[in-house]
file model09.txt (compact mmCIF, C-alpha atoms)
# COMPACT_ATOMS: atom_id res chain seq x y z
CA MET A 866 91.30 1.69 164.33
CA LYS A 867 90.98 0.93 168.05
CA ILE A 868 90.94 -2.75 168.96
CA GLY A 869 89.71 -4.27 172.18
CA LEU A 870 91.96 -7.19 173.06
CA VAL A 871 91.43 -9.89 175.68
CA ALA A 872 94.87 -9.92 177.31
CA ARG A 873 94.49 -12.09 180.40
CA CYS A 874 97.47 -14.15 179.19
CA LEU A 875 99.62 -11.03 179.76
CA ASN A 876 98.13 -10.38 183.21
CA THR A 877 100.19 -13.09 184.91
CA ALA A 878 103.44 -13.74 186.76
CA HIS A 879 104.96 -15.80 183.91
CA MET A 880 104.07 -15.30 180.25
CA ARG A 881 103.69 -18.43 178.15
CA GLY A 882 103.07 -19.16 174.47
CA MET A 883 99.65 -17.54 174.24
CA GLY A 884 100.95 -14.40 175.91
CA LYS A 885 103.85 -14.29 173.46
CA TYR A 886 101.31 -14.32 170.62
CA VAL A 887 99.26 -11.45 172.03
CA LEU A 888 102.32 -9.36 172.91
CA GLU A 889 103.84 -9.76 169.45
CA LEU A 890 100.63 -8.63 167.76
CA MET A 891 100.90 -5.34 169.62
CA ARG A 892 104.66 -4.97 169.13
CA ASN A 893 104.33 -5.38 165.37
CA SER A 894 101.26 -3.20 164.90
CA SER A 895 101.44 0.10 163.03
CA ASP A 896 101.13 3.51 164.65
CA ASP A 897 97.55 4.02 163.44
CA ILE A 898 96.32 1.10 165.58
CA SER A 899 95.52 1.58 169.25
CA TRP A 900 94.71 -1.16 171.74
CA HIS A 901 92.44 -1.44 174.77
CA LEU A 902 93.62 -4.40 176.84
CA PHE A 903 91.07 -6.26 178.96
CA ALA A 904 92.26 -8.42 181.88
CA ASP A 905 90.91 -9.62 185.22
CA ASP A 906 93.63 -10.16 187.86
CA PRO A 907 94.62 -7.09 189.93
CA ARG A 908 97.24 -9.17 191.76
CA HIS A 909 99.55 -9.00 188.73
CA PRO A 910 100.62 -6.25 186.33
CA LEU A 911 99.58 -6.40 182.69
CA LEU A 912 102.61 -6.72 180.42
CA HIS A 913 102.33 -4.56 177.28
CA PRO A 914 104.46 -2.31 175.06
CA GLU A 915 104.99 1.22 176.33
CA GLY A 916 103.21 4.17 174.76
CA PRO A 917 99.86 5.94 174.51
CA ARG A 918 98.53 3.41 171.99
CA PHE A 919 98.19 0.77 174.74
CA THR A 920 95.54 1.14 177.44
CA PRO A 921 95.46 -1.56 180.16
CA ASP A 922 92.06 -2.20 181.72
CA ILE A 923 92.17 -4.71 184.59
CA PHE A 924 88.75 -5.18 186.12
CA GLU A 925 87.05 -7.84 188.23
CA PHE A 926 83.54 -9.14 187.70
CA ARG A 927 81.81 -11.43 190.15
CA GLY A 928 80.97 -14.95 189.09
CA ASP A 929 84.30 -16.22 187.77
CA ARG A 930 83.22 -19.84 188.38
CA LEU A 931 80.37 -19.23 185.93
CA ARG A 932 82.67 -17.39 183.51
CA LEU A 933 80.66 -14.20 183.97
CA TRP A 934 83.75 -11.99 183.45
CA GLU A 935 83.95 -13.33 179.90
CA GLN A 936 80.25 -13.75 179.19
CA LEU A 937 78.85 -10.58 180.77
CA GLY A 938 81.51 -8.30 182.26
CA LEU A 939 83.61 -8.14 179.09
CA PRO A 940 80.82 -7.30 176.61
CA LEU A 941 79.26 -4.81 179.06
CA ARG A 942 82.55 -2.97 179.40
CA ALA A 943 83.52 -3.21 175.72
CA ARG A 944 80.27 -1.80 174.39
CA ARG A 945 80.89 1.47 176.28
CA MET A 946 84.25 1.94 174.55
CA PRO A 947 84.85 3.55 171.13
CA LEU A 948 86.17 0.26 169.74
CA SER A 949 86.22 -0.91 166.13
CA LEU A 950 86.09 -4.56 167.20
CA LEU A 951 86.84 -6.99 170.01
CA HIS A 952 89.49 -9.70 169.60
CA CYS A 953 89.17 -12.63 172.02
CA THR A 954 92.60 -14.26 171.91
CA GLU A 955 92.26 -17.27 174.20
CA GLY A 956 89.93 -19.66 172.37
CA ALA A 957 86.67 -18.61 173.99
CA LEU A 958 84.34 -15.65 173.54
CA PRO A 959 81.07 -14.23 174.87
CA LEU A 960 77.75 -15.35 173.48
CA TRP A 961 76.53 -11.74 173.61
CA GLN A 962 78.60 -9.75 171.12
CA PRO A 963 77.56 -6.06 171.08
CA LEU A 964 80.39 -5.20 168.66
CA PRO A 965 82.13 -7.15 165.87
CA THR A 966 84.07 -9.98 167.51
CA VAL A 967 87.11 -11.92 166.29
CA VAL A 968 88.29 -15.01 168.15
CA THR A 969 91.55 -16.95 167.92
CA LEU A 970 90.73 -20.63 168.36
CA HIS A 971 94.17 -22.19 168.75
CA ASP A 972 92.95 -25.79 168.70
CA THR A 973 90.02 -27.96 169.81
CA LEU A 974 91.68 -29.57 172.85
CA ALA A 975 89.48 -27.74 175.36
CA PHE A 976 86.38 -29.22 173.76
CA GLU A 977 87.85 -32.73 173.75
CA GLU A 978 89.39 -32.70 177.24
CA ARG A 979 86.82 -30.70 179.18
CA PRO A 980 85.80 -32.11 182.61
CA ASP A 981 82.63 -34.16 182.47
CA THR A 982 80.46 -32.00 184.71
CA ALA A 983 77.12 -30.37 183.96
CA GLY A 984 78.62 -26.87 184.00
CA GLN A 985 81.54 -27.75 181.74
CA ARG A 986 79.29 -29.63 179.32
CA LEU A 987 76.98 -26.62 179.09
CA TYR A 988 79.87 -24.24 178.52
CA TRP A 989 82.01 -26.18 176.02
CA ASP A 990 79.27 -28.13 174.24
CA HIS A 991 76.72 -25.33 173.90
CA VAL A 992 77.75 -21.80 174.94
CA VAL A 993 81.12 -21.55 173.16
CA PRO A 994 79.96 -23.29 169.94
CA ALA A 995 76.95 -20.93 169.78
CA ALA A 996 79.26 -17.95 170.33
CA LEU A 997 81.62 -19.17 167.59
CA LYS A 998 78.73 -19.20 165.14
CA ARG A 999 78.04 -15.53 165.97
CA ALA A 1000 81.66 -14.42 165.62
CA ALA A 1001 82.53 -12.06 162.79
CA HIS A 1002 85.69 -14.09 162.11
CA VAL A 1003 87.65 -17.02 163.53
CA ILE A 1004 91.46 -17.19 163.34
CA THR A 1005 93.36 -20.42 163.90
CA ILE A 1006 97.07 -21.14 163.88
CA SER A 1007 97.65 -24.19 161.68
CA GLU A 1008 96.06 -26.19 158.90
CA SER A 1009 95.78 -29.07 161.37
CA SER A 1010 93.69 -26.95 163.74
CA ARG A 1011 91.61 -25.73 160.79
CA ARG A 1012 90.73 -29.32 159.88
CA ASP A 1013 89.80 -30.11 163.50
CA ILE A 1014 87.59 -27.01 163.73
CA LEU A 1015 85.77 -27.66 160.46
CA ALA A 1016 85.19 -31.28 161.44
CA ARG A 1017 83.13 -29.92 164.34
CA TRP A 1018 81.65 -26.79 162.79
CA PRO A 1019 81.75 -26.92 158.97
CA GLU A 1020 79.57 -23.80 158.79
CA LEU A 1021 82.57 -21.72 159.96
CA GLU A 1022 84.55 -22.34 156.77
CA SER A 1023 83.83 -18.98 155.12
CA ARG A 1024 84.84 -17.11 158.31
CA LEU A 1025 87.91 -19.17 159.24
CA THR A 1026 91.47 -18.07 158.44
CA VAL A 1027 94.78 -19.80 159.19
CA ILE A 1028 97.48 -17.41 160.38
CA TYR A 1029 100.72 -18.97 161.59
CA HIS A 1030 102.49 -17.62 164.65
CA GLY A 1031 105.95 -16.14 164.34
CA ILE A 1032 109.06 -16.41 166.47
CA GLU A 1033 111.18 -13.73 168.12
CA THR A 1034 113.48 -11.85 165.72
CA ALA A 1035 116.26 -12.50 168.27
CA TYR A 1036 116.37 -16.12 167.09
CA PHE A 1037 117.90 -14.92 163.82
CA GLU A 1038 120.78 -13.25 165.67
CA PRO A 1039 123.50 -14.46 168.11
CA PRO A 1040 122.32 -14.93 171.73
CA THR A 1041 122.42 -11.74 173.78
CA ALA A 1042 122.35 -13.40 177.22
CA PRO A 1043 124.17 -16.42 178.67
CA ILE A 1044 122.61 -19.51 180.19
CA PRO A 1045 121.85 -18.70 183.86
CA ALA A 1046 124.98 -19.18 185.99
CA THR A 1047 123.42 -21.77 188.32
CA LEU A 1048 122.34 -23.92 185.37
CA GLN A 1049 125.71 -23.50 183.68
CA GLN A 1050 127.45 -24.61 186.85
CA ALA A 1051 125.21 -27.65 187.21
CA LEU A 1052 125.96 -28.68 183.61
CA GLY A 1053 129.67 -28.48 184.31
CA GLY A 1054 130.55 -28.44 180.62
CA ALA A 1055 128.72 -31.70 179.86
CA ALA A 1056 126.86 -32.23 176.61
CA TYR A 1057 123.10 -31.87 177.05
CA ALA A 1058 119.74 -32.15 175.35
CA VAL A 1059 116.77 -29.88 176.11
CA TYR A 1060 113.21 -31.03 176.83
CA LEU A 1061 110.40 -28.55 176.22
CA GLY A 1062 106.87 -29.03 177.51
CA GLY A 1063 106.69 -29.18 181.29
CA PRO A 1064 104.71 -31.77 183.25
CA MET A 1065 101.54 -31.92 181.11
CA LYS A 1066 100.84 -35.56 180.24
CA ARG A 1067 100.54 -35.14 176.46
CA LYS A 1068 103.93 -33.36 176.40
CA ARG A 1069 105.50 -36.68 177.57
CA PHE A 1070 108.33 -35.81 179.92
CA ASP A 1071 108.40 -39.52 180.82
CA TRP A 1072 109.21 -40.30 177.18
CA ALA A 1073 112.10 -37.83 177.19
CA LEU A 1074 113.49 -39.62 180.26
CA ARG A 1075 113.27 -42.97 178.47
CA VAL A 1076 115.12 -41.53 175.47
CA LEU A 1077 117.86 -40.23 177.77
CA ALA A 1078 118.13 -43.58 179.57
CA ALA A 1079 118.58 -45.33 176.20
CA GLN A 1080 121.70 -43.31 175.32
CA HIS A 1081 125.10 -45.00 175.27
CA ASP A 1082 126.79 -41.86 176.61
CA PRO A 1083 126.24 -41.80 180.40
CA ALA A 1084 127.55 -38.23 180.60
CA LEU A 1085 124.80 -36.75 178.42
CA LYS A 1086 122.43 -34.62 180.49
CA LEU A 1087 118.88 -33.39 179.98
CA VAL A 1088 117.70 -29.88 180.82
CA ALA A 1089 113.92 -29.88 181.40
CA CYS A 1090 112.02 -26.63 180.83
CA GLY A 1091 108.45 -25.54 181.52
CA PHE A 1092 108.04 -26.77 185.11
CA GLY A 1093 106.74 -24.52 187.86
CA ALA A 1094 108.35 -24.71 191.30
CA ALA A 1095 106.02 -27.39 192.71
CA ALA A 1096 106.12 -29.43 189.50
CA ARG A 1097 109.93 -29.28 189.49
CA GLU A 1098 110.13 -30.72 192.97
CA ALA A 1099 107.62 -33.48 192.20
CA ALA A 1100 109.39 -34.44 188.96
CA ARG A 1101 112.82 -34.36 190.60
CA ALA A 1102 111.62 -36.63 193.42
CA ALA A 1103 110.18 -39.12 190.90
CA LEU A 1104 113.35 -39.45 188.80
CA PRO A 1105 114.60 -43.03 188.36
CA LEU A 1106 117.78 -43.63 190.33
CA PRO A 1107 120.04 -44.03 187.24
CA LEU A 1108 118.96 -40.61 185.95
CA GLN A 1109 119.41 -38.66 189.15
CA GLY A 1110 122.19 -36.17 188.54
CA ARG A 1111 121.65 -36.34 184.78
CA VAL A 1112 118.37 -34.39 184.67
CA LEU A 1113 118.38 -30.68 185.49
CA PHE A 1114 115.29 -28.51 185.85
CA ALA A 1115 115.54 -24.97 184.53
CA GLU A 1116 113.68 -22.24 186.34
CA PHE A 1117 111.77 -19.67 184.30
CA LEU A 1118 114.00 -18.53 181.40
CA SER A 1119 113.82 -15.31 179.43
CA ASP A 1120 113.65 -15.61 175.65
CA ALA A 1121 117.33 -14.65 175.41
CA GLU A 1122 118.35 -17.28 177.98
CA LEU A 1123 116.25 -19.92 176.24
CA GLN A 1124 117.90 -19.04 172.93
CA ALA A 1125 121.33 -19.50 174.54
CA LEU A 1126 120.23 -22.83 176.02
CA TYR A 1127 119.06 -23.99 172.58
CA ALA A 1128 122.29 -22.87 170.91
CA GLY A 1129 124.50 -24.93 173.23
CA ALA A 1130 122.37 -28.10 173.11
CA ALA A 1131 123.12 -31.30 171.27
CA ALA A 1132 119.42 -31.54 170.44
CA VAL A 1133 115.94 -30.52 171.56
CA LEU A 1134 113.46 -33.25 172.51
CA TYR A 1135 109.85 -32.30 171.78
CA PRO A 1136 107.83 -35.50 172.26
CA THR A 1137 104.40 -33.85 172.48
CA LEU A 1138 101.46 -35.76 171.02
CA TYR A 1139 99.44 -32.70 169.99
CA GLU A 1140 99.98 -28.96 169.52
CA GLY A 1141 97.90 -26.29 167.86
CA PHE A 1142 101.26 -24.71 167.02
CA GLY A 1143 104.67 -25.86 168.29
CA PHE A 1144 106.94 -22.88 169.00
CA PRO A 1145 109.94 -25.04 170.06
CA ALA A 1146 109.99 -26.88 166.72
CA ILE A 1147 110.73 -23.60 164.92
CA GLU A 1148 112.73 -21.84 167.64
CA ALA A 1149 115.20 -24.72 167.93
CA GLN A 1150 115.80 -24.81 164.18
CA ALA A 1151 116.21 -21.03 164.01
CA ALA A 1152 118.77 -21.32 166.82
CA GLY A 1153 120.67 -23.92 164.79
CA VAL A 1154 119.97 -27.02 166.87
CA PRO A 1155 118.37 -30.34 165.76
CA VAL A 1156 114.89 -30.89 167.16
CA ILE A 1157 113.37 -34.35 167.45
CA PHE A 1158 109.60 -34.74 167.28
CA SER A 1159 106.82 -36.81 165.78
CA PRO A 1160 105.03 -35.21 162.80
CA LEU A 1161 101.60 -35.30 164.45
CA GLY A 1162 98.94 -32.66 163.85
CA SER A 1163 100.35 -29.19 163.31
CA LEU A 1164 103.93 -30.41 163.84
CA ALA A 1165 103.84 -31.94 160.36
CA GLU A 1166 103.71 -28.34 159.10
CA LEU A 1167 106.92 -27.41 160.96
CA VAL A 1168 109.38 -29.86 159.40
CA GLY A 1169 112.50 -27.91 158.44
CA PRO A 1170 116.15 -28.74 157.69
CA LEU A 1171 117.02 -29.46 161.35
CA ALA A 1172 113.91 -31.51 162.16
CA MET A 1173 114.62 -35.15 163.00
CA LEU A 1174 111.40 -37.14 162.85
CA ALA A 1175 110.59 -40.29 164.83
CA PRO A 1176 107.35 -42.25 165.26
CA ALA A 1177 105.67 -41.32 168.54
CA GLU A 1178 105.93 -44.78 170.13
CA ASP A 1179 109.24 -45.97 168.64
CA LEU A 1180 111.79 -45.60 171.44
CA ASP A 1181 114.62 -47.04 169.35
CA ALA A 1182 114.01 -44.42 166.64
CA TRP A 1183 114.02 -41.60 169.21
CA ALA A 1184 117.19 -42.88 170.87
CA ALA A 1185 118.90 -43.22 167.48
CA ALA A 1186 117.84 -39.70 166.46
CA LEU A 1187 119.33 -38.24 169.64
CA ARG A 1188 122.59 -40.16 169.09
CA GLU A 1189 122.71 -38.91 165.51
CA ALA A 1190 122.11 -35.31 166.58
CA ALA A 1191 124.73 -35.50 169.33
CA THR A 1192 127.38 -36.84 166.92
CA LEU A 1193 126.74 -34.66 163.87
CA PRO A 1194 130.05 -33.49 162.38
CA PRO A 1195 130.48 -29.73 162.95
CA GLU A 1196 130.52 -28.96 159.22
CA ALA A 1197 127.31 -30.86 158.56
CA ARG A 1198 125.58 -29.24 161.51
CA ALA A 1199 126.69 -25.77 160.42
CA ASP A 1200 125.32 -26.35 156.91
CA MET A 1201 121.99 -27.65 158.25
CA ALA A 1202 121.80 -24.73 160.68
CA ALA A 1203 122.24 -22.17 157.88
CA ARG A 1204 119.46 -23.78 155.86
CA ALA A 1205 117.23 -24.05 158.94
CA ARG A 1206 117.63 -20.36 159.76
CA ALA A 1207 116.67 -19.46 156.18
CA TRP A 1208 113.62 -21.75 156.41
CA ALA A 1209 112.56 -20.25 159.77
CA GLN A 1210 112.46 -16.78 158.21
CA GLY A 1211 109.02 -17.78 156.96
CA PHE A 1212 107.72 -17.57 160.54
CA ARG A 1213 108.00 -13.90 161.41
CA TRP A 1214 105.62 -11.95 163.61
CA ALA A 1215 105.55 -9.08 161.11
CA GLU A 1216 103.88 -11.36 158.56
CA SER A 1217 101.50 -12.74 161.19
CA TRP A 1218 100.52 -9.17 162.11
CA ARG A 1219 99.95 -8.22 158.47
CA ARG A 1220 97.46 -11.04 158.06
CA HIS A 1221 95.71 -10.19 161.34
CA LEU A 1222 95.34 -6.62 160.11
CA ASP A 1223 93.65 -7.89 156.93
CA VAL A 1224 91.09 -9.70 159.11
CA TYR A 1225 90.57 -6.64 161.33
CA ARG A 1226 89.97 -4.40 158.34
CA GLN A 1227 87.54 -6.86 156.83
CA VAL A 1228 85.59 -7.18 160.07
CA ALA A 1229 85.59 -3.46 160.90
CA GLY A 1230 84.90 -2.38 157.31
CA VAL A 1231 88.05 -0.27 157.27
CA ARG A 1232 90.20 0.01 154.14
call {"tool": "encode", "arguments": {"input": "model09.txt", "output": "structure tokens"}}
result
Amino acid sequence: MKIGLVARCLNTAHMRGMGKYVLELMRNSSDDISWHLFADDPRHPLLHPEGPRFTPDIFEFRGDRLRLWEQLGLPLRARRMPLSLLHCTEGALPLWQPLPTVVTLHDTLAFEERPDTAGQRLYWDHVVPAALKRAAHVITISESSRRDILARWPELESRLTVIYHGIETAYFEPPTAPIPATLQQALGGAAYAVYLGGPMKRKRFDWALRVLAAQHDPALKLVACGFGAAAREAARAALPLPLQGRVLFAEFLSDAELQALYAGAAAVLYPTLYEGFGFPAIEAQAAGVPVIFSPLGSLAELVGPLAMLAPAEDLDAWAAALREAATLPPEARADMAARARAWAQGFRWAESWRRHLDVYRQVAGVR
């Protein structure tokens, strides 16, 4: 089977969660599957596994503002290929589908938060919903996202499958890389918590700062991850005076470095208000560190032995949870970490790939 894969999330300077998903599908696929990878930005390489099974295809198509690469360029190019199906991985897909098309709809945020312009209303309110109804199959990544999708388009129920993401197998093993030397030096041996989410408003970096400010231990630091260079400078300049020197901004971290950062943390703060799937909630627990979050949406499905839950707007509960995590006796933390790692084994990319393959075979008619 040869699968066409929209891989623009791998055609970028820094891979994020969606790129991790697409890359792991390919890494876990069997030798009888080959991939044709469609992307659109010649300025950057396209990250993919090595080998003849993976064919990168970066091409431009005029009319990006009108999404013509996706709506016309992609189907025109794909129909000339000997492909079994096309998998659109980024939550949108062409209305014209000249071959069987699978789409991964991670959540419904884009439909709820789209800009209120005529072009965006046409695209998100009409074009994409019509394309979804033509899709051979829709994959989503949590039961929460499934409920949101069916609330909008109940007719998709028979063609909608929930397949959870996985996490890197490295999280089940000791870290293979240290925390970057500059960050290690800035920490100076102090205890620290980690914030995941970057500057996006719903991720609530401001809430993480309030939780830090409410701690009795003035030496506790916070390492903030997910900020680009400009966002780091803006966030650093806006820090309240009492927190200056206590908040550090990590530059882009490899998976191994992030795992090491998790492992040395007192806790992970994940105050997001909505996620289609929350990688940090599982990664932190697999790395043996308590993670504090509110069980909203899909996060309610990711409550394991090292999850510490707090209501989204209860600052006292968040501050108490961080104090509890930071003062856990070593024996208790070790026991919780062992149970959390066993729980996290349920989120492996190999299982996610197996279920994707079932969908592909169903759509392509291949046994």
call {"tool": "atom_distance", "arguments": {"input": "model09.txt", "atom1": "atom CA of Phe903 of chain A", "atom2": "atom CA of Gly928 of chain A"}}
result
16.7 Å
call {"tool": "residues_around", "arguments": {"input": "model09.txt", "residues": "Arg930 of chain A", "least_positions_apart": "6", "cutoff": "12 Å", "atoms": "only C-alpha atoms", "output": "PyMOL selection string"}}
result
chain A and resi 936+984-985+988
call {"tool": "closest_residue", "arguments": {"input": "model09.txt", "among": "A:Asp1082, A:Glu1196, A:Glu1098, A:Asp897", "to": "Arg1111 of chain A", "atoms": "all atoms listed in the file"}}
result
A:Asp1082
call {"tool": "residues_around", "arguments": {"input": "model09.txt", "residues": "Gly916 of chain A", "least_positions_apart": "3", "cutoff": "12 Å", "atoms": "only C-alpha atoms", "output": "PyMOL selection string"}}
result
chain A and resi 891-892+896+898-900+913+919-921
call {"tool": "residues_near_point", "arguments": {"input": "model09.txt", "point": "(105.4, -16.9, 175.2)", "cutoff": "10 Å", "atoms": "only C-alpha atoms", "output": "short mmCIF file (atom, residue, chain, number, x, y, z; two decimals) with C-alpha atoms, keeping the file's coordinate frame"}}
result
data_model
loop_
_atom_site.label_atom_id
_atom_site.label_comp_id
_atom_site.auth_asym_id
_atom_site.auth_seq_id
_atom_site.Cartn_x
_atom_site.Cartn_y
_atom_site.Cartn_z
CA CYS A 874 97.47 -14.15 179.19
CA LEU A 875 99.62 -11.03 179.76
CA HIS A 879 104.96 -15.80 183.91
CA MET A 880 104.07 -15.30 180.25
CA ARG A 881 103.69 -18.43 178.15
CA GLY A 882 103.07 -19.16 174.47
CA MET A 883 99.65 -17.54 174.24
CA GLY A 884 100.95 -14.40 175.91
CA LYS A 885 103.85 -14.29 173.46
CA TYR A 886 101.31 -14.32 170.62
CA VAL A 887 99.26 -11.45 172.03
CA LEU A 888 102.32 -9.36 172.91
CA GLU A 889 103.84 -9.76 169.45
CA ILE A 1032 109.06 -16.41 166.47
CA GLU A 1033 111.18 -13.73 168.12
CA SER A 1119 113.82 -15.31 179.43
CA ASP A 1120 113.65 -15.61 175.65
CA PHE A 1144 106.94 -22.88 169.00
#
call {"tool": "closest_atom_pairs", "arguments": {"input": "model09.txt", "of": "segment 1016-1122 of chain A", "to": "segment 1149-1162 of chain A", "cutoff": "10 Å", "atoms": "all atoms listed in the file", "output": "CSV"}}
result
residue,atom,partner,partner_atom,distance
A:Ile1032,CA,A:Ala1151,CA,8.9
A:Glu1033,CA,A:Ala1151,CA,9.8
A:Thr1034,CA,A:Ala1151,CA,9.7
A:Ala1035,CA,A:Ala1152,CA,9.3
A:Tyr1036,CA,A:Ala1152,CA,5.7
A:Phe1037,CA,A:Ala1151,CA,6.3
A:Glu1038,CA,A:Ala1152,CA,8.4
A:Pro1039,CA,A:Ala1152,CA,8.4
A:Pro1040,CA,A:Ala1152,CA,8.8
A:Ala1058,CA,A:Val1156,CA,9.6
A:Val1059,CA,A:Val1156,CA,9.2
A:Tyr1060,CA,A:Val1156,CA,9.8
call {"tool": "atom_distance", "arguments": {"input": "model09.txt", "atom1": "atom CA of Pro1064 of chain A", "atom2": "atom CA of Ala1099 of chain A"}}
result
9.6 Å
call {"tool": "atom_distance", "arguments": {"input": "model09.txt", "atom1": "atom CA of Asp906 of chain A", "atom2": "atom CA of Leu1061 of chain A"}}
result
27.5 Å
call {"tool": "closest_residue", "arguments": {"input": "model09.txt", "among": "A:Lys867, A:His909, A:Arg1017, A:Arg986", "to": "Ala943 of chain A", "atoms": "all atoms listed in the file"}}
result
A:Lys867
call {"tool": "residues_near_point", "arguments": {"input": "model09.txt", "point": "(124.8, -23.2, 173.4)", "cutoff": "12 Å", "atoms": "all atoms listed in the file", "output": "PyMOL selection string"}}
result
chain A and resi 1039-1045+1049+1052+1054-1059+1121-1133+1149+1152-1154
call {"tool": "residues_around", "arguments": {"input": "model09.txt", "residues": "Val1088 of chain A", "least_positions_apart": "4", "cutoff": "6 Å", "atoms": "all atoms listed in the file", "output": "PyMOL selection string"}}
result
chain A and resi 1059+1112-1114
call {"tool": "residues_around", "arguments": {"input": "model09.txt", "residues": "segment 992-1006 of chain A", "least_positions_apart": "2", "cutoff": "9 Å", "atoms": "all atoms listed in the file", "output": "PyMOL selection string"}}
result
chain A and resi 957-962+965-972+987-990+1008-1011+1014+1018+1020-1021+1023-1030+1141-1142+1163+1221+1224-1225+1228
call {"tool": "closest_residue", "arguments": {"input": "model09.txt", "among": "A:Ala1209, A:Ile923, A:Leu911, A:Met866", "to": "Ser894 of chain A", "atoms": "all atoms listed in the file"}}
result
A:Met866
call {"tool": "closest_residue", "arguments": {"input": "model09.txt", "among": "A:His991, A:Arg1075, A:Arg1226, A:Arg1012", "to": "Asp1181 of chain A", "atoms": "only C-alpha atoms"}}
result
A:Arg1075
call {"tool": "closest_residue", "arguments": {"input": "model09.txt", "among": "A:Pro910, A:Gly869, A:Pro1083, A:Pro980", "to": "Arg945 of chain A", "atoms": "all atoms listed in the file"}}
result
A:Gly869
call {"tool": "build_atoms", "arguments": {"input": "model09.txt", "residues": "segment 998-1010 of chain A", "atoms": "N, CA and C atoms", "output": "CSV table (one decimal), in the coordinates of the input"}}
result
chain,number,residue,atom,x,y,z
A,998,LYS,N,79.6,-19.4,166.3
A,998,LYS,CA,78.7,-19.2,165.1
A,998,LYS,C,78.3,-17.7,165.0
A,999,ARG,N,78.4,-17.0,166.0
A,999,ARG,CA,78.0,-15.5,166.0
A,999,ARG,C,79.2,-14.7,165.7
A,1000,ALA,N,80.4,-15.2,165.8
A,1000,ALA,CA,81.7,-14.4,165.6
A,1000,ALA,C,81.8,-13.9,164.2
A,1001,ALA,N,82.3,-12.7,164.1
A,1001,ALA,CA,82.5,-12.1,162.8
A,1001,ALA,C,83.6,-12.8,162.0
A,1002,HIS,N,84.6,-13.3,162.8
A,1002,HIS,CA,85.7,-14.1,162.1
A,1002,HIS,C,86.4,-15.0,163.1
A,1003,VAL,N,86.9,-16.1,162.7
A,1003,VAL,CA,87.6,-17.0,163.5
A,1003,VAL,C,89.0,-17.2,162.9
A,1004,ILE,N,90.1,-17.0,163.8
A,1004,ILE,CA,91.5,-17.2,163.3
A,1004,ILE,C,92.0,-18.5,164.0
A,1005,THR,N,92.7,-19.3,163.3
A,1005,THR,CA,93.4,-20.4,163.9
A,1005,THR,C,94.8,-20.4,163.4
A,1006,ILE,N,95.6,-21.3,164.0
A,1006,ILE,CA,97.1,-21.1,163.9
A,1006,ILE,C,97.8,-22.2,163.1
A,1007,SER,N,97.0,-23.2,162.5
A,1007,SER,CA,97.6,-24.2,161.7
A,1007,SER,C,96.6,-24.8,160.8
A,1008,GLU,N,97.0,-25.5,159.7
A,1008,GLU,CA,96.1,-26.2,158.9
A,1008,GLU,C,95.5,-27.4,159.7
A,1009,SER,N,96.3,-28.0,160.5
A,1009,SER,CA,95.8,-29.1,161.4
A,1009,SER,C,94.6,-28.6,162.2
A,1010,SER,N,94.8,-27.5,162.9
A,1010,SER,CA,93.7,-27.0,163.7
A,1010,SER,C,92.5,-26.6,162.9
